[in-house]
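Okay, my_file_25.pdb now, which holds PDB, C-alpha atoms:
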ATOM      1  CA  PHE O   1     111.727  89.793  89.013  1.00  0.00           C
ATOM      2  CA  SER O   2     110.975  88.380  92.478  1.00  0.00           C
ATOM      3  CA  ASP O   3     107.263  88.992  91.838  1.00  0.00           C
ATOM      4  CA  MET O   4     107.350  86.819  88.691  1.00  0.00           C
ATOM      5  CA  VAL O   5     106.661  83.535  90.497  1.00  0.00           C
ATOM      6  CA  SER O   6     106.106  80.367  88.501  1.00  0.00           C
ATOM      7  CA  ARG O   7     106.874  76.671  88.177  1.00  0.00           C
ATOM      8  CA  ASN O   8     106.057  76.735  84.470  1.00  0.00           C
ATOM      9  CA  GLU O   9     109.130  76.063  82.320  1.00  0.00           C
ATOM     10  CA  ARG O  10     107.992  78.318  79.497  1.00  0.00           C
ATOM     11  CA  PHE O  11     107.286  81.197  81.870  1.00  0.00           C
ATOM     12  CA  ASN O  12     110.578  80.830  83.719  1.00  0.00           C
ATOM     13  CA  ALA O  13     112.448  80.698  80.410  1.00  0.00           C
ATOM     14  CA  LEU O  14     110.967  84.035  79.337  1.00  0.00           C
ATOM     15  CA  VAL O  15     111.871  85.578  82.711  1.00  0.00           C
ATOM     16  CA  GLN O  16     115.472  84.437  82.239  1.00  0.00           C
ATOM     17  CA  THR O  17     115.473  85.936  78.732  1.00  0.00           C
ATOM     18  CA  ALA O  18     114.179  89.224  80.138  1.00  0.00           C
ATOM     19  CA  LYS O  19     116.897  89.198  82.809  1.00  0.00           C
ATOM     20  CA  ARG O  20     119.634  88.614  80.236  1.00  0.00           C
ATOM     21  CA  PHE O  21     118.514  91.457  78.016  1.00  0.00           C
ATOM     22  CA  ALA O  22     117.686  93.850  80.865  1.00  0.00           C
ATOM     23  CA  ARG O  23     121.333  94.950  81.069  1.00  0.00           C
ATOM     24  CA  HIS O  24     121.416  95.749  77.345  1.00  0.00           C
ATOM     25  CA  GLU O  25     119.909  98.759  75.610  1.00  0.00           C
ATOM     26  CA  ASP O  26     117.721  96.762  73.213  1.00  0.00           C
ATOM     27  CA  SER O  27     114.089  97.685  72.851  1.00  0.00           C
ATOM     28  CA  VAL O  28     111.754  95.034  74.250  1.00  0.00           C
ATOM     29  CA  LEU O  29     108.299  94.067  72.969  1.00  0.00           C
ATOM     30  CA  ILE O  30     106.114  92.172  75.445  1.00  0.00           C
ATOM     31  CA  LEU O  31     103.117  90.240  74.159  1.00  0.00           C
ATOM     32  CA  GLY O  32     100.307  88.862  76.282  1.00  0.00           C
ATOM     33  CA  SER O  33      96.596  89.119  76.929  1.00  0.00           C
ATOM     34  CA  THR O  34      95.188  91.575  79.458  1.00  0.00           C
ATOM     35  CA  GLY O  35      96.178  90.864  83.056  1.00  0.00           C
ATOM     36  CA  THR O  36      99.164  88.592  82.378  1.00  0.00           C
ATOM     37  CA  GLY O  37     101.627  90.967  84.044  1.00  0.00           C
ATOM     38  CA  LYS O  38     103.192  92.829  81.126  1.00  0.00           C
ATOM     39  CA  GLU O  39     103.814  96.013  83.152  1.00  0.00           C
ATOM     40  CA  VAL O  40     105.291  94.053  86.066  1.00  0.00           C
ATOM     41  CA  LEU O  41     107.738  92.451  83.637  1.00  0.00           C
ATOM     42  CA  ALA O  42     108.535  95.835  82.079  1.00  0.00           C
ATOM     43  CA  GLN O  43     109.245  97.326  85.522  1.00  0.00           C
ATOM     44  CA  SER O  44     111.428  94.328  86.339  1.00  0.00           C
ATOM     45  CA  VAL O  45     113.486  94.846  83.183  1.00  0.00           C
ATOM     46  CA  HIS O  46     113.914  98.525  84.054  1.00  0.00           C
ATOM     47  CA  ASN O  47     114.873  97.829  87.679  1.00  0.00           C
ATOM     48  CA  HIS O  48     117.460  95.270  86.522  1.00  0.00           C
ATOM     49  CA  SER O  49     118.907  97.598  83.868  1.00  0.00           C
ATOM     50  CA  LEU O  50     121.662 100.189  83.890  1.00  0.00           C
ATOM     51  CA  ARG O  51     118.912 102.843  83.850  1.00  0.00           C
ATOM     52  CA  ALA O  52     117.387 101.691  87.135  1.00  0.00           C
ATOM     53  CA  GLU O  53     118.252 104.936  88.947  1.00  0.00           C
ATOM     54  CA  ASN O  54     116.405 106.974  86.323  1.00  0.00           C
ATOM     55  CA  PRO O  55     112.646 107.307  85.670  1.00  0.00           C
ATOM     56  CA  PHE O  56     110.309 104.508  84.588  1.00  0.00           C
ATOM     57  CA  VAL O  57     107.367 106.172  82.836  1.00  0.00           C
ATOM     58  CA  ALA O  58     104.371 104.071  81.814  1.00  0.00           C
ATOM     59  CA  VAL O  59     101.915 105.219  79.152  1.00  0.00           C
ATOM     60  CA  ASN O  60      98.669 103.342  78.536  1.00  0.00           C
ATOM     61  CA  CYS O  61      98.165 104.116  74.860  1.00  0.00           C
ATOM     62  CA  ALA O  62      94.524 103.000  75.054  1.00  0.00           C
ATOM     63  CA  ALA O  63      93.711 105.411  77.893  1.00  0.00           C
ATOM     64  CA  PHE O  64      94.183 108.645  75.944  1.00  0.00           C
ATOM     65  CA  PRO O  65      92.051 109.838  73.019  1.00  0.00           C
ATOM     66  CA  GLU O  66      93.843 110.454  69.729  1.00  0.00           C
ATOM     67  CA  THR O  67      93.575 114.224  70.163  1.00  0.00           C
ATOM     68  CA  LEU O  68      95.479 114.133  73.466  1.00  0.00           C
ATOM     69  CA  ILE O  69      98.104 111.426  73.200  1.00  0.00           C
ATOM     70  CA  GLU O  70     100.519 113.453  71.056  1.00  0.00           C
ATOM     71  CA  GLY O  71     100.565 116.257  73.633  1.00  0.00           C
ATOM     72  CA  MET O  72     100.894 113.724  76.464  1.00  0.00           C
ATOM     73  CA  LEU O  73     103.921 112.116  74.826  1.00  0.00           C
ATOM     74  CA  PHE O  74     105.736 115.125  73.367  1.00  0.00           C
ATOM     75  CA  GLY O  75     104.532 117.967  75.583  1.00  0.00           C
ATOM     76  CA  THR O  76     102.912 121.294  74.700  1.00  0.00           C
ATOM     77  CA  VAL O  77     103.782 124.979  74.491  1.00  0.00           C
ATOM     78  CA  LYS O  78     101.528 127.689  75.896  1.00  0.00           C
ATOM     79  CA  GLY O  79      99.307 129.120  73.186  1.00  0.00           C
ATOM     80  CA  ALA O  80      99.620 126.172  70.816  1.00  0.00           C
ATOM     81  CA  PHE O  81      95.855 125.669  71.143  1.00  0.00           C
ATOM     82  CA  THR O  82      93.074 126.906  73.395  1.00  0.00           C
ATOM     83  CA  GLY O  83      93.896 126.136  77.002  1.00  0.00           C
ATOM     84  CA  SER O  84      97.373 124.774  76.308  1.00  0.00           C
ATOM     85  CA  THR O  85     100.188 125.407  78.775  1.00  0.00           C
ATOM     86  CA  ASP O  86     103.917 124.810  78.867  1.00  0.00           C
ATOM     87  CA  LYS O  87     103.944 121.129  79.745  1.00  0.00           C
ATOM     88  CA  VAL O  88     106.675 118.503  79.717  1.00  0.00           C
ATOM     89  CA  GLY O  89     105.740 115.385  77.767  1.00  0.00           C
ATOM     90  CA  LEU O  90     106.054 111.856  79.081  1.00  0.00           C
ATOM     91  CA  MET O  91     108.919 111.065  76.712  1.00  0.00           C
ATOM     92  CA  GLU O  92     110.830 114.000  78.155  1.00  0.00           C
ATOM     93  CA  GLU O  93     110.002 112.854  81.693  1.00  0.00           C
ATOM     94  CA  ALA O  94     111.457 109.450  80.845  1.00  0.00           C
ATOM     95  CA  ASN O  95     114.743 110.956  79.604  1.00  0.00           C
ATOM     96  CA  HIS O  96     117.724 108.717  80.517  1.00  0.00           C
ATOM     97  CA  GLY O  97     115.251 106.155  81.821  1.00  0.00           C
ATOM     98  CA  THR O  98     112.664 103.779  80.394  1.00  0.00           C
ATOM     99  CA  LEU O  99     109.442 104.559  78.538  1.00  0.00           C
ATOM    100  CA  PHE O 100     106.826 101.797  78.722  1.00  0.00           C
ATOM    101  CA  LEU O 101     104.220 101.989  75.955  1.00  0.00           C
ATOM    102  CA  ASP O 102     101.383  99.738  77.102  1.00  0.00           C
ATOM    103  CA  GLU O 103      98.843  98.499  74.526  1.00  0.00           C
ATOM    104  CA  LEU O 104     100.816  99.998  71.659  1.00  0.00           C
ATOM    105  CA  ASN O 105      98.421  98.354  69.205  1.00  0.00           C
ATOM    106  CA  SER O 106      95.689 100.826  70.204  1.00  0.00           C
ATOM    107  CA  MET O 107      97.734 103.767  68.885  1.00  0.00           C
ATOM    108  CA  SER O 108      96.703 105.182  65.495  1.00  0.00           C
ATOM    109  CA  LEU O 109      98.957 104.710  62.470  1.00  0.00           C
ATOM    110  CA  GLY O 110      99.548 108.455  62.264  1.00  0.00           C
ATOM    111  CA  MET O 111     100.711 108.611  65.867  1.00  0.00           C
ATOM    112  CA  GLN O 112     102.839 105.511  65.318  1.00  0.00           C
ATOM    113  CA  ALA O 113     104.675 107.345  62.514  1.00  0.00           C
ATOM    114  CA  LYS O 114     105.390 110.337  64.776  1.00  0.00           C
ATOM    115  CA  LEU O 115     106.590 108.054  67.551  1.00  0.00           C
ATOM    116  CA  LEU O 116     108.883 106.160  65.182  1.00  0.00           C
ATOM    117  CA  ARG O 117     110.456 109.381  63.935  1.00  0.00           C
ATOM    118  CA  ALA O 118     111.104 110.585  67.483  1.00  0.00           C
ATOM    119  CA  LEU O 119     112.716 107.275  68.439  1.00  0.00           C
ATOM    120  CA  GLN O 120     114.900 107.123  65.351  1.00  0.00           C
ATOM    121  CA  GLU O 121     116.078 110.729  65.532  1.00  0.00           C
ATOM    122  CA  ARG O 122     116.149 110.841  69.341  1.00  0.00           C
ATOM    123  CA  LEU O 123     114.544 114.254  69.136  1.00  0.00           C
ATOM    124  CA  ILE O 124     111.091 115.490  70.099  1.00  0.00           C
ATOM    125  CA  GLN O 125     109.264 118.729  69.448  1.00  0.00           C
ATOM    126  CA  ARG O 126     106.546 119.952  71.777  1.00  0.00           C
ATOM    127  CA  ILE O 127     103.228 120.796  70.153  1.00  0.00           C
ATOM    128  CA  GLY O 128     103.412 124.465  69.205  1.00  0.00           C
ATOM    129  CA  GLY O 129     107.159 124.618  69.790  1.00  0.00           C
ATOM    130  CA  THR O 130     109.884 125.406  67.290  1.00  0.00           C
ATOM    131  CA  GLY O 131     112.937 123.831  68.908  1.00  0.00           C
ATOM    132  CA  TYR O 132     113.929 120.191  69.227  1.00  0.00           C
ATOM    133  CA  ILE O 133     114.667 118.480  72.515  1.00  0.00           C
ATOM    134  CA  PRO O 134     117.163 115.585  72.565  1.00  0.00           C
ATOM    135  CA  ILE O 135     115.961 112.455  74.349  1.00  0.00           C
ATOM    136  CA  ASP O 136     117.675 109.284  75.497  1.00  0.00           C
ATOM    137  CA  VAL O 137     115.090 106.673  76.410  1.00  0.00           C
ATOM    138  CA  ARG O 138     114.911 102.928  76.309  1.00  0.00           C
ATOM    139  CA  VAL O 139     111.542 101.785  75.013  1.00  0.00           C
ATOM    140  CA  ILE O 140     109.632  98.773  76.266  1.00  0.00           C
ATOM    141  CA  ALA O 141     106.301  98.278  74.495  1.00  0.00           C
ATOM    142  CA  SER O 142     103.473  95.811  74.944  1.00  0.00           C
ATOM    143  CA  CYS O 143     100.617  94.497  72.804  1.00  0.00           C
ATOM    144  CA  ASN O 144      97.635  92.459  73.931  1.00  0.00           C
ATOM    145  CA  GLU O 145      97.434  90.864  70.469  1.00  0.00           C
ATOM    146  CA  ASP O 146      99.930  89.140  68.172  1.00  0.00           C
ATOM    147  CA  ALA O 147     102.136  92.055  67.107  1.00  0.00           C
ATOM    148  CA  TYR O 148     103.530  90.254  64.057  1.00  0.00           C
ATOM    149  CA  ALA O 149     100.010  89.527  62.794  1.00  0.00           C
ATOM    150  CA  LEU O 150      99.051  93.167  63.423  1.00  0.00           C
ATOM    151  CA  SER O 151     102.031  94.318  61.365  1.00  0.00           C
ATOM    152  CA  GLU O 152     101.001  92.003  58.534  1.00  0.00           C
ATOM    153  CA  THR O 153      97.423  93.338  58.491  1.00  0.00           C
ATOM    154  CA  GLY O 154      98.553  96.980  58.675  1.00  0.00           C
ATOM    155  CA  LYS O 155      97.250  97.758  62.155  1.00  0.00           C
ATOM    156  CA  LEU O 156     100.812  98.156  63.420  1.00  0.00           C
ATOM    157  CA  ARG O 157     103.430  99.826  61.258  1.00  0.00           C
ATOM    158  CA  LYS O 158     106.043  97.304  60.158  1.00  0.00           C
ATOM    159  CA  ASP O 159     108.879  99.782  60.580  1.00  0.00           C
ATOM    160  CA  LEU O 160     107.778 100.508  64.152  1.00  0.00           C
ATOM    161  CA  PHE O 161     107.366  96.791  64.855  1.00  0.00           C
ATOM    162  CA  TYR O 162     110.924  96.045  63.714  1.00  0.00           C
ATOM    163  CA  ARG O 163     112.218  99.088  65.619  1.00  0.00           C
ATOM    164  CA  LEU O 164     110.728  97.856  68.891  1.00  0.00           C
ATOM    165  CA  ALA O 165     110.975  94.084  68.458  1.00  0.00           C
ATOM    166  CA  SER O 166     114.701  93.666  69.154  1.00  0.00           C
ATOM    167  CA  VAL O 167     113.607  91.284  71.901  1.00  0.00           C
ATOM    168  CA  VAL O 168     110.108  89.757  71.895  1.00  0.00           C
ATOM    169  CA  ILE O 169     108.742  88.174  75.072  1.00  0.00           C
ATOM    170  CA  ASP O 170     105.407  86.349  74.874  1.00  0.00           C
ATOM    171  CA  ILE O 171     103.737  85.835  78.276  1.00  0.00           C
ATOM    172  CA  PRO O 172     101.408  82.807  78.358  1.00  0.00           C
ATOM    173  CA  PRO O 173      97.898  83.276  79.816  1.00  0.00           C
ATOM    174  CA  LEU O 174      97.138  81.875  83.256  1.00  0.00           C
ATOM    175  CA  ARG O 175      94.872  79.165  81.808  1.00  0.00           C
ATOM    176  CA  GLU O 176      97.985  77.657  80.177  1.00  0.00           C
ATOM    177  CA  ARG O 177      99.876  77.473  83.464  1.00  0.00           C
ATOM    178  CA  LEU O 178      97.301  76.430  86.051  1.00  0.00           C
ATOM    179  CA  SER O 179     100.091  74.608  87.890  1.00  0.00           C
ATOM    180  CA  ASP O 180     101.163  78.092  89.048  1.00  0.00           C
ATOM    181  CA  LEU O 181      97.909  78.774  90.908  1.00  0.00           C
ATOM    182  CA  LYS O 182      99.151  77.541  94.276  1.00  0.00           C
ATOM    183  CA  GLU O 183     102.444  79.382  94.043  1.00  0.00           C
ATOM    184  CA  LEU O 184     100.754  82.627  92.986  1.00  0.00           C
ATOM    185  CA  VAL O 185      98.089  82.386  95.692  1.00  0.00           C
ATOM    186  CA  TRP O 186     100.556  81.668  98.502  1.00  0.00           C
ATOM    187  CA  HIS O 187     102.838  84.446  97.231  1.00  0.00           C
ATOM    188  CA  TYR O 188      99.897  86.850  97.385  1.00  0.00           C
ATOM    189  CA  VAL O 189      98.852  85.638 100.833  1.00  0.00           C
ATOM    190  CA  ARG O 190     102.374  86.182 102.194  1.00  0.00           C
ATOM    191  CA  GLU O 191     102.660  89.642 100.623  1.00  0.00           C
ATOM    192  CA  HIS O 192      99.233  90.796 101.936  1.00  0.00           C
ATOM    193  CA  ARG O 193      98.982  89.233 105.376  1.00  0.00           C
ATOM    194  CA  ASP O 194      97.548  92.429 106.832  1.00  0.00           C
ATOM    195  CA  MET O 195      94.451  92.277 104.605  1.00  0.00           C
ATOM    196  CA  ALA O 196      92.922  89.426 106.606  1.00  0.00           C
ATOM    197  CA  ALA O 197      91.563  89.802 110.134  1.00  0.00           C
ATOM    198  CA  GLN O 198      93.859  86.901 111.024  1.00  0.00           C
ATOM    199  CA  PRO O 199      96.807  85.928 108.784  1.00  0.00           C
ATOM    200  CA  VAL O 200      95.830  83.041 106.505  1.00  0.00           C
ATOM    201  CA  ASP O 201      97.899  79.912 107.075  1.00  0.00           C
ATOM    202  CA  GLU O 202      95.539  77.240 105.718  1.00  0.00           C
ATOM    203  CA  ILE O 203      93.753  76.873 102.370  1.00  0.00           C
ATOM    204  CA  ARG O 204      91.365  73.936 102.092  1.00  0.00           C
ATOM    205  CA  PRO O 205      90.871  71.721  99.001  1.00  0.00           C
ATOM    206  CA  ALA O 206      87.471  73.236  98.140  1.00  0.00           C
ATOM    207  CA  PHE O 207      89.125  76.627  97.612  1.00  0.00           C
ATOM    208  CA  TRP O 208      91.709  75.187  95.212  1.00  0.00           C
ATOM    209  CA  GLU O 209      89.030  73.238  93.325  1.00  0.00           C
ATOM    210  CA  ARG O 210      87.076  76.399  92.556  1.00  0.00           C
ATOM    211  CA  LEU O 211      90.220  78.164  91.335  1.00  0.00           C
ATOM    212  CA  GLU O 212      91.206  75.271  89.072  1.00  0.00           C
ATOM    213  CA  LYS O 213      87.749  75.134  87.442  1.00  0.00           C
ATOM    214  CA  HIS O 214      87.889  78.769  86.355  1.00  0.00           C
ATOM    215  CA  SER O 215      89.030  79.757  82.836  1.00  0.00           C
ATOM    216  CA  TRP O 216      90.763  82.988  83.995  1.00  0.00           C
ATOM    217  CA  PRO O 217      89.907  85.431  81.206  1.00  0.00           C
ATOM    218  CA  GLY O 218      91.432  88.207  83.355  1.00  0.00           C
ATOM    219  CA  ASN O 219      94.579  86.193  84.055  1.00  0.00           C
ATOM    220  CA  VAL O 220      96.768  86.991  87.096  1.00  0.00           C
ATOM    221  CA  ARG O 221      95.106  90.371  87.611  1.00  0.00           C
ATOM    222  CA  GLU O 222      91.746  88.604  88.022  1.00  0.00           C
ATOM    223  CA  LEU O 223      93.271  86.058  90.407  1.00  0.00           C
ATOM    224  CA  PHE O 224      94.689  88.808  92.623  1.00  0.00           C
ATOM    225  CA  HIS O 225      91.354  90.657  92.579  1.00  0.00           C
ATOM    226  CA  ILE O 226      89.670  87.487  93.823  1.00  0.00           C
ATOM    227  CA  MET O 227      92.352  87.016  96.470  1.00  0.00           C
ATOM    228  CA  ASP O 228      91.756  90.596  97.665  1.00  0.00           C
ATOM    229  CA  TYR O 229      88.139  89.676  98.318  1.00  0.00           C
ATOM    230  CA  ALA O 230      88.948  86.272  99.839  1.00  0.00           C
ATOM    231  CA  LEU O 231      91.449  87.673 102.320  1.00  0.00           C
ATOM    232  CA  SER O 232      89.125  90.506 103.317  1.00  0.00           C
ATOM    233  CA  VAL O 233      86.249  88.164 104.232  1.00  0.00           C
ATOM    234  CA  SER O 234      88.313  85.269 105.600  1.00  0.00           C
ATOM    235  CA  GLU O 235      87.896  84.151 109.197  1.00  0.00           C
ATOM    236  CA  GLY O 236      90.139  82.218 111.534  1.00  0.00           C
ATOM    237  CA  GLY O 237      93.125  82.256 109.198  1.00  0.00           C
ATOM    238  CA  VAL O 238      91.527  79.684 106.868  1.00  0.00           C
ATOM    239  CA  LEU O 239      90.209  79.876 103.279  1.00  0.00           C
ATOM    240  CA  THR O 240      87.499  77.227 103.137  1.00  0.00           C
ATOM    241  CA  GLY O 241      86.160  77.619  99.587  1.00  0.00           C
ATOM    242  CA  THR O 242      83.282  80.028 100.285  1.00  0.00           C
ATOM    243  CA  GLU O 243      85.345  83.255 100.196  1.00  0.00           C
ATOM    244  CA  PHE O 244      84.629  84.254  96.599  1.00  0.00           C
ATOM    245  CA  PRO O 245      82.844  87.290  95.114  1.00  0.00           C
ATOM    246  CA  GLY O 246      79.293  86.714  93.913  1.00  0.00           C
ATOM    247  CA  TYR O 247      80.046  87.036  90.199  1.00  0.00           C
ATOM    248  CA  PHE O 248      82.677  84.286  90.447  1.00  0.00           C
ATOM    249  CA  LEU O 249      80.301  81.831  92.147  1.00  0.00           C
ATOM    250  CA  ARG O 250      77.456  82.625  89.724  1.00  0.00           C
ATOM    251  CA  LEU O 251      79.754  82.106  86.760  1.00  0.00           C
ATOM    252  CA  GLN O 252      80.826  78.688  87.988  1.00  0.00           C
ATOM    253  CA  GLN O 253      77.237  77.641  88.728  1.00  0.00           C
ATOM    254  CA  SER O 254      76.118  78.632  85.224  1.00  0.00           C
ATOM    255  CA  ARG O 255      78.735  76.455  83.517  1.00  0.00           C
ATOM    256  CA  PRO O 256      78.087  72.774  82.813  1.00  0.00           C
TER     257      PRO O 256
END
Translate this file's structure into structure tokens.
Amino acid sequence: FSDMVSRNERFNALVQTAKRFARHEDSVLILGSTGTGKEVLAQSVHNHSLRAENPFVAVNCAAFPETLIEGMLFGTVKGAFTGSTDKVGLMEEANHGTLFLDELNSMSLGMQAKLLRALQERLIQRIGGTGYIPIDVRVIASCNEDAYALSETGKLRKDLFYRLASVVIDIPPLRERLSDLKELVWHYVREHRDMAAQPVDEIRPAFWERLEKHSWPGNVRELFHIMDYALSVSEGGVLTGTEFPGYFLRLQQSRP
């Protein structure tokens, strides 16, 4: 949780909620747009939990095609299909630890049903296998859209939503907590002092002004990407306001 830096009351309240529930076994559902730090929060909950000594396995549900995600989660048996091998699934790898299902809302309804059954029965079956494997995992899931609205429109199974939403944590976007810019930037500068030719110890007003004018569609991830660039090109230990990637400067010039 030490990486979750903020002066925003709403943000700090959700961090305290996450801390309180980290020691419990409740499932956690994290909501927030892309780049807000959902996986960092999930890792923090795991590291603060009673399962901290066991695996934390993250699965980006949007990164795998529908034909592969079932095998990735549950594992496969050699001969189940052409080219298949005996392979442990990610749910099995996470046994006694935490399984983080990122962007759960990108998973098909059919796969959601299979996932729900595995979580309820605490049993999985590898593709092509005949036996069942007991699992003990705590699930933390995330959605980059309103999960309740998705459940109402049928894009997210209601039974899965209620299974995972024991605790719901909604991370606000960076544009709603611009007061955190300075704290986040200085935190990043301190943590990455070796990226600059000379450690940065001064940031001039022009640099802050450019940051505050931006709408931050990529949230904290975008801010840290920009800071990567700024530190790499900085000189003399000072950020003057010119150390920004080209796309960022062009975007600001094109806006009224």
Expected selection from the PyMOL selection byres ((chain O and resi 244) around 9), given as a list in words:
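The output of the PyMOL selection byres ((chain O and resi 244) around 9) on this file is Phe207, Ile226, Met227, Tyr229, Ala230, Val233, Gly241, Thr242, Glu243, Pro245, Gly246, Tyr247, Phe248 and Leu249 of chain O.
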Between O:Ala42, O:Ala52, O:Val28, O:Val238, which has the minimum distance to Gln198 (chain O) (counting all atoms listed in the file)?
O:Val238
Pick from O:Ile124, O:Ile171, O:Val5, O:Leu68, whichever lies nearest to Val185 (chain O) using only C-alpha atoms
O:Val5
For a quick check of understanding, using only C-alpha atoms, which of O:Asp194, O:Glu212, O:Asp201, O:Glu145 has the smallest distance to Ser179 (chain O)?
O:Glu212
Applying the PyMOL selection byres ((chain O and resi 56) around 6) to the file I just gave you, which residues come out? Please list them as a ChimeraX atom specification.
/O:55,57,97-98
Apply the PyMOL selection byres ((chain O and resi 118) around 12) to the displayed file and report the matching residues as a list in words.
Glu70, Leu73, Phe74, Met91, Glu92, Met111, Gln112, Ala113, Lys114, Leu115, Leu116, Arg117, Leu119, Gln120, Glu121, Arg122, Leu123, Ile124, Gln125, Arg126, Tyr132, Ile133, Pro134, Ile135, Asp136, Val137, Val139, Leu160 and Arg163 of chain O
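CA of Leu90 (chain O) to CA of Gly35 (chain O) spans 23.5 Å [interatomic distance, one decimal].
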For Glu202 (chain O), which residue out of O:Leu231, O:Ala62, O:Val15, O:Leu150 is the nearest one, using all atoms listed in the file?
O:Leu231
Neighbouring residues of Lys78 (chain O) were defined as those with any atom within 12 Å, considering all atoms listed in the file; residues of the same chain fewer than 5 positions away were excluded. Please report them as a PyMOL selection string.
chain O and resi 71+83-88+126-129
O:Leu109, O:Val77, O:Leu184, O:Leu223: which is nearest Arg210 (chain O), counting all atoms listed in the file?
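For Arg210 (chain O), the nearest of the given residues is O:Leu223.
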Given the choices O:Leu41, O:Ala196, O:Leu156, O:Leu181, which gets closest to Lys213 (chain O) if the distance is worked out from all atoms listed in the file?
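The shortest atom-to-atom distance to Lys213 (chain O) comes from O:Leu181.
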Up to 12 Å from (100.3, 73.8, 86.0) in the file's coordinates: name the residues, counting all atoms listed in the file, as a ChimeraX atom specification.
/O:6-11,172-184,212
Atomic distance CA of Leu14 (chain O) - CA of Asp159 (chain O), expressed in Å with one decimal:
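One can read the CA of Leu14 (chain O) to CA of Asp159 (chain O) distance as 24.6 Å.
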Distance query Ile30 (chain O) at most 6 Å, all atoms listed in the file, self and fewer than 4 positions along chain excluded, as a PyMOL selection string
chain O and resi 142+168-170
Will you model all heavy atoms for region 235-240 of chain O and pass it back as a PDB file, in the coordinates of the input?
ATOM      1  N   GLU O 235      88.001  84.216 107.745  1.00  0.00           N
ATOM      2  CA  GLU O 235      87.896  84.151 109.197  1.00  0.00           C
ATOM      3  C   GLU O 235      88.773  83.015 109.727  1.00  0.00           C
ATOM      4  O   GLU O 235      88.872  81.962 109.098  1.00  0.00           O
ATOM      5  CB  GLU O 235      86.438  83.920 109.628  1.00  0.00           C
ATOM      6  CG  GLU O 235      85.496  85.055 109.242  1.00  0.00           C
ATOM      7  CD  GLU O 235      84.056  84.782 109.665  1.00  0.00           C
ATOM      8  OE1 GLU O 235      83.781  83.646 110.120  1.00  0.00           O
ATOM      9  OE2 GLU O 235      83.215  85.686 109.526  1.00  0.00           O
ATOM     10  N   GLY O 236      89.380  83.268 110.868  1.00  0.00           N
ATOM     11  CA  GLY O 236      90.139  82.218 111.534  1.00  0.00           C
ATOM     12  C   GLY O 236      91.415  81.799 110.831  1.00  0.00           C
ATOM     13  O   GLY O 236      91.961  80.728 111.130  1.00  0.00           O
ATOM     14  N   GLY O 237      91.885  82.604 109.885  1.00  0.00           N
ATOM     15  CA  GLY O 237      93.125  82.256 109.198  1.00  0.00           C
ATOM     16  C   GLY O 237      93.006  81.102 108.222  1.00  0.00           C
ATOM     17  O   GLY O 237      94.003  80.474 107.865  1.00  0.00           O
ATOM     18  N   VAL O 238      91.769  80.820 107.765  1.00  0.00           N
ATOM     19  CA  VAL O 238      91.527  79.684 106.868  1.00  0.00           C
ATOM     20  C   VAL O 238      90.684  80.141 105.673  1.00  0.00           C
ATOM     21  O   VAL O 238      89.714  80.884 105.844  1.00  0.00           O
ATOM     22  CB  VAL O 238      90.789  78.535 107.597  1.00  0.00           C
ATOM     23  CG1 VAL O 238      90.536  77.365 106.643  1.00  0.00           C
ATOM     24  CG2 VAL O 238      91.584  78.075 108.802  1.00  0.00           C
ATOM     25  N   LEU O 239      91.049  79.692 104.461  1.00  0.00           N
ATOM     26  CA  LEU O 239      90.209  79.876 103.279  1.00  0.00           C
ATOM     27  C   LEU O 239      89.541  78.539 103.005  1.00  0.00           C
ATOM     28  O   LEU O 239      90.203  77.551 102.667  1.00  0.00           O
ATOM     29  CB  LEU O 239      91.047  80.327 102.076  1.00  0.00           C
ATOM     30  CG  LEU O 239      91.738  81.686 102.214  1.00  0.00           C
ATOM     31  CD1 LEU O 239      92.582  82.004 100.974  1.00  0.00           C
ATOM     32  CD2 LEU O 239      90.719  82.803 102.451  1.00  0.00           C
ATOM     33  N   THR O 240      88.214  78.508 103.161  1.00  0.00           N
ATOM     34  CA  THR O 240      87.499  77.227 103.137  1.00  0.00           C
ATOM     35  C   THR O 240      86.934  76.862 101.769  1.00  0.00           C
ATOM     36  O   THR O 240      86.627  75.706 101.511  1.00  0.00           O
ATOM     37  CB  THR O 240      86.325  77.274 104.126  1.00  0.00           C
ATOM     38  OG1 THR O 240      85.404  78.292 103.697  1.00  0.00           O
ATOM     39  CG2 THR O 240      86.813  77.599 105.531  1.00  0.00           C
TER      40      THR O 240
END
